[in-house]
file entry.pdb (PDB, C-alpha atoms)
ATOM      1  CA  MET A   1       0.000   0.000   0.000
ATOM      2  CA  GLU A   2       1.427   3.359  -1.037
ATOM      3  CA  LYS A   3       2.194   5.858   1.720
ATOM      4  CA  ASN A   4       0.519   9.226   2.014
ATOM      5  CA  TRP A   5       3.069  12.016   2.197
ATOM      6  CA  SER A   6       2.828  15.525   3.609
ATOM      7  CA  GLN A   7       4.974  18.549   2.997
ATOM      8  CA  LEU A   8       6.199  20.671   5.900
ATOM      9  CA  GLN A   9       7.044  24.213   4.883
ATOM     10  CA  ILE A  10       9.252  26.291   7.175
ATOM     11  CA  LEU A  11       8.518  29.829   6.027
ATOM     12  CA  THR A  12      11.354  32.158   6.964
ATOM     13  CA  ASN A  13      13.879  34.620   5.557
ATOM     14  CA  PRO A  14      16.903  33.350   3.586
ATOM     15  CA  GLU A  15      19.334  34.421   6.308
ATOM     16  CA  ASN A  16      17.756  31.721   8.515
ATOM     17  CA  PHE A  17      18.082  28.886   5.983
ATOM     18  CA  GLU A  18      21.384  27.571   7.338
ATOM     19  CA  LEU A  19      20.072  27.432  10.903
ATOM     20  CA  VAL A  20      16.815  25.758   9.813
ATOM     21  CA  THR A  21      18.800  23.229   7.758
ATOM     22  CA  ASN A  22      20.917  22.389  10.804
ATOM     23  CA  ALA A  23      17.796  21.892  12.909
ATOM     24  CA  LEU A  24      16.270  19.581  10.296
ATOM     25  CA  ILE A  25      19.438  17.502  10.092
ATOM     26  CA  ILE A  26      19.433  17.169  13.879
ATOM     27  CA  GLN A  27      15.888  15.837  13.387
ATOM     28  CA  GLN A  28      17.455  13.305  10.957
ATOM     29  CA  ILE A  29      16.098  14.974   7.818
ATOM     30  CA  THR A  30      18.471  15.430   4.872
ATOM     31  CA  GLY A  31      16.114  15.816   1.922
ATOM     32  CA  ILE A  32      15.497  19.580   2.040
ATOM     33  CA  GLU A  33      13.980  21.714  -0.719
ATOM     34  CA  ASN A  34      14.087  25.477  -1.286
ATOM     35  CA  LEU A  35      10.640  26.979  -1.829
ATOM     36  CA  ASN A  36      10.096  29.273  -4.813
ATOM     37  CA  HIS A  37      11.167  32.886  -4.404
ATOM     38  CA  ASP A  38      13.217  31.942  -1.286
ATOM     39  CA  ARG A  39      10.077  31.928   0.867
ATOM     40  CA  GLY A  40      11.531  29.190   3.036
ATOM     41  CA  LEU A  41      12.451  25.504   3.091
ATOM     42  CA  ALA A  42      10.359  22.360   2.760
ATOM     43  CA  ILE A  43      10.657  18.680   3.644
ATOM     44  CA  TYR A  44       8.506  15.629   2.949
ATOM     45  CA  LEU A  45       7.521  12.975   5.465
ATOM     46  CA  PRO A  46       4.932  10.180   5.630
ATOM     47  CA  SER A  47       1.745  11.727   6.979
ATOM     48  CA  GLU A  48       1.723   9.484  10.050
ATOM     49  CA  GLN A  49       5.230  10.675  10.979
ATOM     50  CA  LEU A  50       4.591  14.388  10.558
ATOM     51  CA  THR A  51       2.722  14.745  13.846
ATOM     52  CA  LYS A  52       2.217  17.665  16.212
ATOM     53  CA  ASP A  53       4.822  16.115  18.506
ATOM     54  CA  TRP A  54       7.352  15.931  15.655
ATOM     55  CA  CYS A  55       6.753  19.589  14.762
ATOM     56  CA  HIS A  56       6.973  20.566  18.424
ATOM     57  CA  GLN A  57      10.362  18.877  18.727
ATOM     58  CA  LEU A  58      11.517  20.745  15.630
ATOM     59  CA  GLN A  59      10.435  24.017  17.235
ATOM     60  CA  ILE A  60      12.401  23.135  20.376
ATOM     61  CA  THR A  61      15.491  22.421  18.254
ATOM     62  CA  LEU A  62      15.085  25.684  16.337
ATOM     63  CA  ASN A  63      14.812  27.597  19.614
ATOM     64  CA  GLN A  64      17.899  25.857  20.996
ATOM     65  CA  LEU A  65      19.850  26.941  17.923
ATOM     66  CA  GLY A  66      18.739  30.537  18.415
ATOM     67  CA  LEU A  67      15.748  31.020  16.102
ATOM     68  CA  THR A  68      12.816  32.671  17.837
ATOM     69  CA  ASP A  69       9.204  31.619  17.223
ATOM     70  CA  SER A  70       8.467  34.936  15.502
ATOM     71  CA  ALA A  71      11.192  34.338  12.893
ATOM     72  CA  TYR A  72       9.456  31.441  11.132
ATOM     73  CA  GLN A  73       6.112  29.785  10.474
ATOM     74  CA  LEU A  74       5.354  26.083  10.019
ATOM     75  CA  GLN A  75       2.781  25.067   7.424
ATOM     76  CA  ILE A  76       1.715  21.498   6.547
ATOM     77  CA  ILE A  77       0.408  20.563   3.086
ATOM     78  CA  ALA A  78      -1.221  17.114   3.084
ATOM     79  CA  ASN A  79      -1.258  14.510   0.298
ATOM     80  CA  VAL A  80       1.571  15.845  -1.854
ATOM     81  CA  ASN A  81       3.694  14.290  -4.589
ATOM     82  CA  MET A  82       6.653  12.706  -2.840
ATOM     83  CA  HIS A  83       8.986  12.786  -5.831
ATOM     84  CA  TRP A  84      10.563  16.113  -4.943
ATOM     85  CA  GLY A  85      13.929  15.084  -6.387
ATOM     86  CA  GLN A  86      12.458  15.164  -9.895
ATOM     87  CA  ASN A  87      11.018  18.632  -9.328
ATOM     88  CA  TRP A  88      14.259  19.905  -7.839
ATOM     89  CA  ALA A  89      16.481  18.473 -10.575
ATOM     90  CA  PRO A  90      16.709  21.664 -12.676
ATOM     91  CA  TYR A  91      18.111  23.549  -9.656
ATOM     92  CA  TYR A  92      20.665  20.947  -8.562
ATOM     93  CA  GLN A  93      24.106  22.118  -9.710
ATOM     94  CA  PRO A  94      27.652  20.725  -9.304
ATOM     95  CA  VAL A  95      29.263  21.343  -5.928
ATOM     96  CA  ARG A  96      33.014  21.884  -5.721
ATOM     97  CA  ILE A  97      34.617  19.919  -2.871
ATOM     98  CA  SER A  98      38.282  20.546  -3.622
ATOM     99  CA  HIS A  99      40.465  21.581  -6.523
ATOM    100  CA  PHE A 100      39.999  18.151  -8.129
ATOM    101  CA  MET A 101      36.735  16.723  -6.728
ATOM    102  CA  SER A 102      33.143  17.834  -7.354
ATOM    103  CA  ILE A 103      29.684  16.357  -6.725
ATOM    104  CA  ILE A 104      27.820  16.368 -10.031
ATOM    105  CA  PRO A 105      24.165  15.551 -10.797
ATOM    106  CA  SER A 106      23.902  12.154 -12.476
ATOM    107  CA  TRP A 107      22.058  13.701 -15.447
ATOM    108  CA  GLN A 108      24.939  16.149 -16.077
ATOM    109  CA  LYS A 109      27.661  13.599 -16.848
ATOM    110  CA  ASP A 110      29.074  15.895 -19.508
ATOM    111  CA  LEU A 111      30.284  18.192 -16.688
ATOM    112  CA  VAL A 112      32.620  15.540 -15.278
ATOM    113  CA  GLN A 113      36.172  16.869 -15.588
ATOM    114  CA  SER A 114      38.139  14.726 -13.154
ATOM    115  CA  PRO A 115      38.302  10.983 -12.391
ATOM    116  CA  TYR A 116      37.622  12.025  -8.780
ATOM    117  CA  ASP A 117      34.304  13.715  -9.588
ATOM    118  CA  ILE A 118      31.295  11.970  -8.013
ATOM    119  CA  LEU A 119      27.954  11.502  -9.759
ATOM    120  CA  MET A 120      24.993  11.683  -7.385
ATOM    121  CA  ASP A 121      21.249  11.364  -7.824
ATOM    122  CA  PRO A 122      19.258  13.276  -5.158
ATOM    123  CA  GLN A 123      17.039  10.888  -3.250
ATOM    124  CA  GLU A 124      13.892  11.735  -1.366
ATOM    125  CA  SER A 125      15.180  10.521   2.000
ATOM    126  CA  PHE A 126      18.884  11.161   1.691
ATOM    127  CA  GLY A 127      19.483  14.533   0.050
ATOM    128  CA  SER A 128      22.055  15.479  -2.560
ATOM    129  CA  GLY A 129      25.215  14.938  -0.529
ATOM    130  CA  GLU A 130      26.225  18.590  -0.608
ATOM    131  CA  HIS A 131      25.735  19.473   3.065
ATOM    132  CA  ALA A 132      28.686  20.917   5.008
ATOM    133  CA  THR A 133      29.200  17.692   6.963
ATOM    134  CA  THR A 134      29.629  15.724   3.734
ATOM    135  CA  LYS A 135      32.045  18.280   2.308
ATOM    136  CA  LEU A 136      34.114  18.165   5.504
ATOM    137  CA  CYS A 137      34.282  14.360   5.377
ATOM    138  CA  LEU A 138      35.269  14.328   1.712
ATOM    139  CA  GLN A 139      37.997  16.884   2.313
ATOM    140  CA  ALA A 140      39.233  14.849   5.293
ATOM    141  CA  LEU A 141      39.337  11.699   3.150
ATOM    142  CA  GLU A 142      41.530  13.495   0.640
ATOM    143  CA  GLU A 143      43.961  14.312   3.443
ATOM    144  CA  VAL A 144      43.936  10.865   5.064
ATOM    145  CA  VAL A 145      43.927   8.399   2.160
ATOM    146  CA  ASN A 146      47.500   7.409   1.353
ATOM    147  CA  HIS A 147      47.733   3.851   0.012
ATOM    148  CA  GLN A 148      45.311   2.433   2.601
ATOM    149  CA  GLU A 149      43.554  -0.706   1.404
ATOM    150  CA  SER A 150      40.365  -0.812   3.498
ATOM    151  CA  LEU A 151      37.547   1.442   4.758
ATOM    152  CA  ILE A 152      34.350   1.000   6.765
ATOM    153  CA  ASP A 153      31.631   3.624   6.280
ATOM    154  CA  VAL A 154      29.207   3.614   9.223
ATOM    155  CA  GLY A 155      25.795   5.097   8.418
ATOM    156  CA  THR A 156      26.665   5.036   4.737
ATOM    157  CA  GLY A 157      23.489   6.812   3.543
ATOM    158  CA  THR A 158      24.039   7.651  -0.139
ATOM    159  CA  GLY A 159      27.383   5.812  -0.143
ATOM    160  CA  ILE A 160      29.188   9.007  -1.099
ATOM    161  CA  LEU A 161      32.129   8.524   1.297
ATOM    162  CA  ALA A 162      32.742   4.976   0.073
ATOM    163  CA  ILE A 163      32.587   6.239  -3.513
ATOM    164  CA  ALA A 164      35.166   8.933  -2.765
ATOM    165  CA  ALA A 165      37.416   6.405  -1.016
ATOM    166  CA  ALA A 166      37.237   4.081  -4.027
ATOM    167  CA  LYS A 167      38.161   6.931  -6.361
ATOM    168  CA  LEU A 168      41.098   7.743  -4.075
ATOM    169  CA  GLY A 169      42.364   4.177  -4.366
ATOM    170  CA  VAL A 170      40.890   2.235  -1.438
ATOM    171  CA  LYS A 171      40.058  -1.280  -2.647
ATOM    172  CA  THR A 172      38.223  -3.030   0.224
ATOM    173  CA  LEU A 173      35.075  -1.123   1.153
ATOM    174  CA  TYR A 174      32.344  -1.909   3.679
ATOM    175  CA  GLY A 175      29.210   0.154   4.290
ATOM    176  CA  TYR A 176      26.589  -0.233   7.022
ATOM    177  CA  ASP A 177      23.289   1.530   7.624
ATOM    178  CA  ILE A 178      20.164   0.785   9.658
ATOM    179  CA  SER A 179      17.942   1.715   6.692
ATOM    180  CA  ASP A 180      17.263  -0.904   4.029
ATOM    181  CA  GLU A 181      16.401   1.930   1.648
ATOM    182  CA  ALA A 182      19.801   3.524   2.265
ATOM    183  CA  ILE A 183      21.521   0.257   1.382
ATOM    184  CA  VAL A 184      19.783   0.182  -1.993
ATOM    185  CA  VAL A 185      20.589   3.854  -2.676
ATOM    186  CA  ALA A 186      24.241   3.466  -1.636
ATOM    187  CA  GLN A 187      24.783   0.432  -3.859
ATOM    188  CA  LYS A 188      23.096   2.171  -6.808
ATOM    189  CA  ASN A 189      25.269   5.269  -6.441
ATOM    190  CA  PHE A 190      28.412   3.193  -6.013
ATOM    191  CA  ASN A 191      27.683   1.206  -9.166
ATOM    192  CA  LEU A 192      27.051   4.466 -11.031
ATOM    193  CA  ASN A 193      30.509   5.769 -10.085
ATOM    194  CA  CYS A 194      32.680   2.691  -9.614
ATOM    195  CA  PRO A 195      31.186  -0.167 -11.652
ATOM    196  CA  GLN A 196      34.469  -2.110 -11.631
ATOM    197  CA  GLU A 197      34.953  -1.933  -7.851
ATOM    198  CA  LYS A 198      33.269  -3.891  -5.064
ATOM    199  CA  PHE A 199      31.318  -2.339  -2.191
ATOM    200  CA  GLN A 200      30.123  -4.722   0.524
ATOM    201  CA  VAL A 201      27.090  -2.963   1.941
ATOM    202  CA  ALA A 202      24.667  -4.340   4.517
ATOM    203  CA  ILE A 203      21.989  -3.403   7.048
ATOM    204  CA  ASN A 204      23.521  -3.022  10.502
ATOM    205  CA  SER A 205      23.332  -0.857  13.612
ATOM    206  CA  LEU A 206      26.679   0.927  13.960
ATOM    207  CA  LEU A 207      29.397  -1.775  14.275
ATOM    208  CA  ASP A 208      27.380  -4.165  16.412
ATOM    209  CA  ASN A 209      28.477  -7.779  15.772
ATOM    210  CA  ILE A 210      30.779  -6.696  12.923
ATOM    211  CA  THR A 211      34.049  -8.646  12.741
ATOM    212  CA  ASN A 212      35.695  -6.688   9.915
ATOM    213  CA  SER A 213      38.457  -4.194  10.630
ATOM    214  CA  ALA A 214      39.831  -1.453   8.390
ATOM    215  CA  GLU A 215      42.516   1.182   8.086
ATOM    216  CA  ILE A 216      39.921   3.966   7.870
ATOM    217  CA  ILE A 217      36.483   4.293   9.472
ATOM    218  CA  THR A 218      34.164   7.103   8.404
ATOM    219  CA  ALA A 219      30.985   8.159  10.193
ATOM    220  CA  ASN A 220      28.883  11.125   9.126
ATOM    221  CA  MET A 221      26.030  10.860  11.603
ATOM    222  CA  LEU A 222      24.356  12.748  14.406
ATOM    223  CA  GLU A 223      25.813  13.198  17.873
ATOM    224  CA  GLU A 224      23.830  10.477  19.669
ATOM    225  CA  PRO A 225      24.858   7.581  17.380
ATOM    226  CA  ILE A 226      28.415   8.937  17.212
ATOM    227  CA  ARG A 227      28.651   8.759  21.001
ATOM    228  CA  ALA A 228      27.472   5.136  20.845
ATOM    229  CA  LEU A 229      29.930   4.362  18.038
ATOM    230  CA  ILE A 230      33.081   5.766  19.674
ATOM    231  CA  PRO A 231      33.771   2.767  21.995
ATOM    232  CA  GLN A 232      33.478   0.481  18.952
ATOM    233  CA  LEU A 233      36.065   2.288  16.845
ATOM    234  CA  ALA A 234      39.438   1.109  18.161
ATOM    235  CA  PRO A 235      38.572  -2.637  18.063
ATOM    236  CA  HIS A 236      37.647  -2.269  14.362
ATOM    237  CA  LEU A 237      40.668  -0.176  13.394
ATOM    238  CA  LYS A 238      43.897  -1.671  12.180
ATOM    239  CA  ALA A 239      47.215  -0.426  13.623
ATOM    240  CA  LYS A 240      47.603   3.331  13.189
ATOM    241  CA  GLY A 241      44.195   3.435  11.507
ATOM    242  CA  HIS A 242      42.290   6.690  11.038
ATOM    243  CA  VAL A 243      38.775   7.781  11.986
ATOM    244  CA  ILE A 244      36.850  10.557  10.243
ATOM    245  CA  ILE A 245      33.790  11.755  12.163
ATOM    246  CA  SER A 246      31.298  14.459  11.193
ATOM    247  CA  GLY A 247      27.641  15.285  11.768
ATOM    248  CA  ILE A 248      28.338  16.989  15.088
ATOM    249  CA  LEU A 249      27.732  20.635  15.805
ATOM    250  CA  GLU A 250      30.861  22.785  15.945
ATOM    251  CA  THR A 251      30.099  23.534  19.598
ATOM    252  CA  LYS A 252      30.352  19.794  20.381
ATOM    253  CA  ILE A 253      33.824  19.225  18.898
ATOM    254  CA  ALA A 254      35.603  19.511  22.255
ATOM    255  CA  THR A 255      33.220  17.029  23.900
ATOM    256  CA  ILE A 256      33.584  14.438  21.132
ATOM    257  CA  THR A 257      37.368  14.796  20.951
ATOM    258  CA  GLN A 258      37.564  14.071  24.681
ATOM    259  CA  LEU A 259      35.513  10.893  24.222
ATOM    260  CA  LEU A 260      37.831   9.814  21.395
ATOM    261  CA  LYS A 261      40.910  10.397  23.526
ATOM    262  CA  GLN A 262      39.434   8.199  26.242
ATOM    263  CA  GLU A 263      39.381   5.368  23.678
ATOM    264  CA  HIS A 264      43.084   5.949  22.848
ATOM    265  CA  LEU A 265      42.396   7.768  19.620
ATOM    266  CA  ALA A 266      44.748  10.707  19.075
ATOM    267  CA  ILE A 267      43.236  13.837  17.548
ATOM    268  CA  ILE A 268      44.995  14.698  14.293
ATOM    269  CA  LYS A 269      42.837  17.579  13.090
ATOM    270  CA  THR A 270      39.504  19.307  13.636
ATOM    271  CA  SER A 271      37.700  21.493  11.120
ATOM    272  CA  ALA A 272      34.373  23.272  10.876
ATOM    273  CA  ALA A 273      32.013  24.805   8.325
ATOM    274  CA  GLN A 274      28.575  26.382   8.606
ATOM    275  CA  GLY A 275      28.256  25.426  12.266
ATOM    276  CA  TRP A 276      29.230  21.759  11.798
ATOM    277  CA  GLY A 277      32.424  20.006  12.868
ATOM    278  CA  CYS A 278      34.670  17.238  11.569
ATOM    279  CA  ILE A 279      37.347  15.305  13.450
ATOM    280  CA  ILE A 280      40.247  13.215  12.145
ATOM    281  CA  ALA A 281      41.688  10.860  14.780
ATOM    282  CA  GLN A 282      44.235   8.029  14.739
ATOM    283  CA  LYS A 283      44.538   4.822  16.716
ATOM    284  CA  GLU A 284      47.371   5.070  19.212
ATOM    285  CA  ARG A 285      47.779   1.373  19.967
ATOM    286  CA  GLY A 286      48.121  -1.675  17.722
TER     287      GLY A 286
END

call {"tool": "encode", "arguments": {"input": "entry.pdb", "output": "structure tokens"}}
result
Amino acid sequence: MEKNWSQLQILTNPENFELVTNALIIQQITGIENLNHDRGLAIYLPSEQLTKDWCHQLQITLNQLGLTDSAYQLQIIANVNMHWGQNWAPYYQPVRISHFMSIIPSWQKDLVQSPYDILMDPQESFGSGEHATTKLCLQALEEVVNHQESLIDVGTGTGILAIAAAKLGVKTLYGYDISDEAIVVAQKNFNLNCPQEKFQVAINSLLDNITNSAEIITANMLEEPIRALIPQLAPHLKAKGHVIISGILETKIATITQLLKQEHLAIIKTSAAQGWGCIIAQKERG
């Protein structure tokens, strides 16, 4: 039976878009659409999920991030067409990540200029992959990858980090996500970009019951699952292996770095963009 979807419009001024986007991502929403004439932002959720309680929690998050109630208005449109990615396609443009890597819409293959460019197809539940946390992770991967052979991507989502790792030369790639839909999307995107490579992707909660280890572990998730993941990192890292973590607010970097240090992971670098943080750490012990 097909789901009924509703659209939630957050009507606000453009200067608030970044803050609203951050609040939505904290609410685990990544598929975000700009309304015409910059009237605000919109998301799509199954009607049974878009409840008063869900909207109330969003308002709490917005307030915590500093947006007052008078600065925005929530409006719900019931029974809408879910396929927002198709409607948004004309506005989705390439995103430059570094001097040699860009994220390019899958229907604009002619714009590919580098073997490191990544083709992505915006998905209704997973977004385009151009959020600041993704950019930070991709830039960190460029810094870290240096002849490593293996990578585990926890919360793989669109598979974009595994795709980038493959393009940078990593051969053994594992991806895990709790969403069966994410697994399908990640494999599809990987095949689109790296048809000759192998990506072992499976449904799993963090690294629970996983026996594989790798030289690099990436995790672009929210703070709560990252906190749960941190004690699992060292046992799944090979000697001197690296961790790349993002999805945390910039204000939480110090807290997360302390938790990593407690697990004998040395902090190599921290970076931030648009209010979000990224941490590169390295295993201290064999």

call {"tool": "atom_distance", "arguments": {"input": "entry.pdb", "atom1": "CA of Leu233 in chain A", "atom2": "CA of Ile29 in chain A"}}
result
25.3 Å

call {"tool": "resolve_selection", "arguments": {"input": "entry.pdb", "expression": "the PyMOL selection byres ((chain A and resi 36) around 12)", "output": "JSON list (two decimals) with C-alpha atoms, in the coordinates of the input"}}
result
[["chain", "number", "residue", "atom", "x", "y", "z"],
["A", 9, "GLN", "CA", 7.04, 24.21, 4.88],
["A", 11, "LEU", "CA", 8.52, 29.83, 6.03],
["A", 14, "PRO", "CA", 16.90, 33.35, 3.59],
["A", 33, "GLU", "CA", 13.98, 21.71, -0.72],
["A", 34, "ASN", "CA", 14.09, 25.48, -1.29],
["A", 35, "LEU", "CA", 10.64, 26.98, -1.83],
["A", 37, "HIS", "CA", 11.17, 32.89, -4.40],
["A", 38, "ASP", "CA", 13.22, 31.94, -1.29],
["A", 39, "ARG", "CA", 10.08, 31.93, 0.87],
["A", 40, "GLY", "CA", 11.53, 29.19, 3.04],
["A", 41, "LEU", "CA", 12.45, 25.50, 3.09],
["A", 42, "ALA", "CA", 10.36, 22.36, 2.76],
["A", 87, "ASN", "CA", 11.02, 18.63, -9.33],
["A", 88, "TRP", "CA", 14.26, 19.90, -7.84],
["A", 91, "TYR", "CA", 18.11, 23.55, -9.66]]

call {"tool": "closest_residue", "arguments": {"input": "entry.pdb", "among": "A:Glu48, A:Trp54, A:Phe100, A:Gly275", "to": "Gln27 in chain A", "atoms": "only C-alpha atoms"}}
result
A:Trp54

call {"tool": "atom_distance", "arguments": {"input": "entry.pdb", "atom1": "CA of Glu142 in chain A", "atom2": "CA of Asn193 in chain A"}}
result
17.2 Å

call {"tool": "residues_around", "arguments": {"input": "entry.pdb", "residues": "range 129-138 of chain A", "least_positions_apart": "6", "cutoff": "9 Å", "atoms": "all atoms listed in the file", "output": "PyMOL selection string"}}
result
chain A and resi 30+95-98+101+103+120+122+158+160-161+164-165+218-221+244-248+271-279

call {"tool": "resolve_selection", "arguments": {"input": "entry.pdb", "expression": "the PyMOL selection byres ((chain A and resi 197-208) around 9)", "output": "PyMOL selection string"}}
result
chain A and resi 154-156+162-163+166+171-180+182-184+186-187+190-191+194-196+209-211+225-226+228-229+232-233+236

call {"tool": "write_last_selection", "arguments": {"input": "entry.pdb", "atoms": "C-alpha atoms", "output": "PDB file, keeping the file's coordinate frame"}}
result
ATOM      1  CA  VAL A 154      29.207   3.614   9.223  1.00  0.00           C
ATOM      2  CA  GLY A 155      25.795   5.097   8.418  1.00  0.00           C
ATOM      3  CA  THR A 156      26.665   5.036   4.737  1.00  0.00           C
ATOM      4  CA  ALA A 162      32.742   4.976   0.073  1.00  0.00           C
ATOM      5  CA  ILE A 163      32.587   6.239  -3.513  1.00  0.00           C
ATOM      6  CA  ALA A 166      37.237   4.081  -4.027  1.00  0.00           C
ATOM      7  CA  LYS A 171      40.058  -1.280  -2.647  1.00  0.00           C
ATOM      8  CA  THR A 172      38.223  -3.030   0.224  1.00  0.00           C
ATOM      9  CA  LEU A 173      35.075  -1.123   1.153  1.00  0.00           C
ATOM     10  CA  TYR A 174      32.344  -1.909   3.679  1.00  0.00           C
ATOM     11  CA  GLY A 175      29.210   0.154   4.290  1.00  0.00           C
ATOM     12  CA  TYR A 176      26.589  -0.233   7.022  1.00  0.00           C
ATOM     13  CA  ASP A 177      23.289   1.530   7.624  1.00  0.00           C
ATOM     14  CA  ILE A 178      20.164   0.785   9.658  1.00  0.00           C
ATOM     15  CA  SER A 179      17.942   1.715   6.692  1.00  0.00           C
ATOM     16  CA  ASP A 180      17.263  -0.904   4.029  1.00  0.00           C
ATOM     17  CA  ALA A 182      19.801   3.524   2.265  1.00  0.00           C
ATOM     18  CA  ILE A 183      21.521   0.257   1.382  1.00  0.00           C
ATOM     19  CA  VAL A 184      19.783   0.182  -1.993  1.00  0.00           C
ATOM     20  CA  ALA A 186      24.241   3.466  -1.636  1.00  0.00           C
ATOM     21  CA  GLN A 187      24.783   0.432  -3.859  1.00  0.00           C
ATOM     22  CA  PHE A 190      28.412   3.193  -6.013  1.00  0.00           C
ATOM     23  CA  ASN A 191      27.683   1.206  -9.166  1.00  0.00           C
ATOM     24  CA  CYS A 194      32.680   2.691  -9.614  1.00  0.00           C
ATOM     25  CA  PRO A 195      31.186  -0.167 -11.652  1.00  0.00           C
ATOM     26  CA  GLN A 196      34.469  -2.110 -11.631  1.00  0.00           C
ATOM     27  CA  ASN A 209      28.477  -7.779  15.772  1.00  0.00           C
ATOM     28  CA  ILE A 210      30.779  -6.696  12.923  1.00  0.00           C
ATOM     29  CA  THR A 211      34.049  -8.646  12.741  1.00  0.00           C
ATOM     30  CA  PRO A 225      24.858   7.581  17.380  1.00  0.00           C
ATOM     31  CA  ILE A 226      28.415   8.937  17.212  1.00  0.00           C
ATOM     32  CA  ALA A 228      27.472   5.136  20.845  1.00  0.00           C
ATOM     33  CA  LEU A 229      29.930   4.362  18.038  1.00  0.00           C
ATOM     34  CA  GLN A 232      33.478   0.481  18.952  1.00  0.00           C
ATOM     35  CA  LEU A 233      36.065   2.288  16.845  1.00  0.00           C
ATOM     36  CA  HIS A 236      37.647  -2.269  14.362  1.00  0.00           C
TER      37      HIS A 236
END

call {"tool": "atom_distance", "arguments": {"input": "entry.pdb", "atom1": "CA of Glu15 in chain A", "atom2": "CA of Glu223 in chain A"}}
result
25.0 Å

call {"tool": "resolve_selection", "arguments": {"input": "entry.pdb", "expression": "the PyMOL selection byres ((chain A and resi 265) around 12)", "output": "PyMOL selection string"}}
result
chain A and resi 230-235+237+239-244+256-264+266-269+279-286

call {"tool": "closest_residue", "arguments": {"input": "entry.pdb", "among": "A:Gln28, A:Ser102, A:Asn212, A:Thr251", "to": "Thr270 in chain A", "atoms": "only C-alpha atoms"}}
result
A:Thr251

call {"tool": "closest_residue", "arguments": {"input": "entry.pdb", "among": "A:Ala78, A:Leu168, A:Cys55, A:Leu8", "to": "Ile32 in chain A", "atoms": "only C-alpha atoms"}}
result
A:Leu8

call {"tool": "closest_residue", "arguments": {"input": "entry.pdb", "among": "A:Lys188, A:Arg227, A:Lys52, A:His147", "to": "Lys252 in chain A", "atoms": "all atoms listed in the file"}}
result
A:Arg227
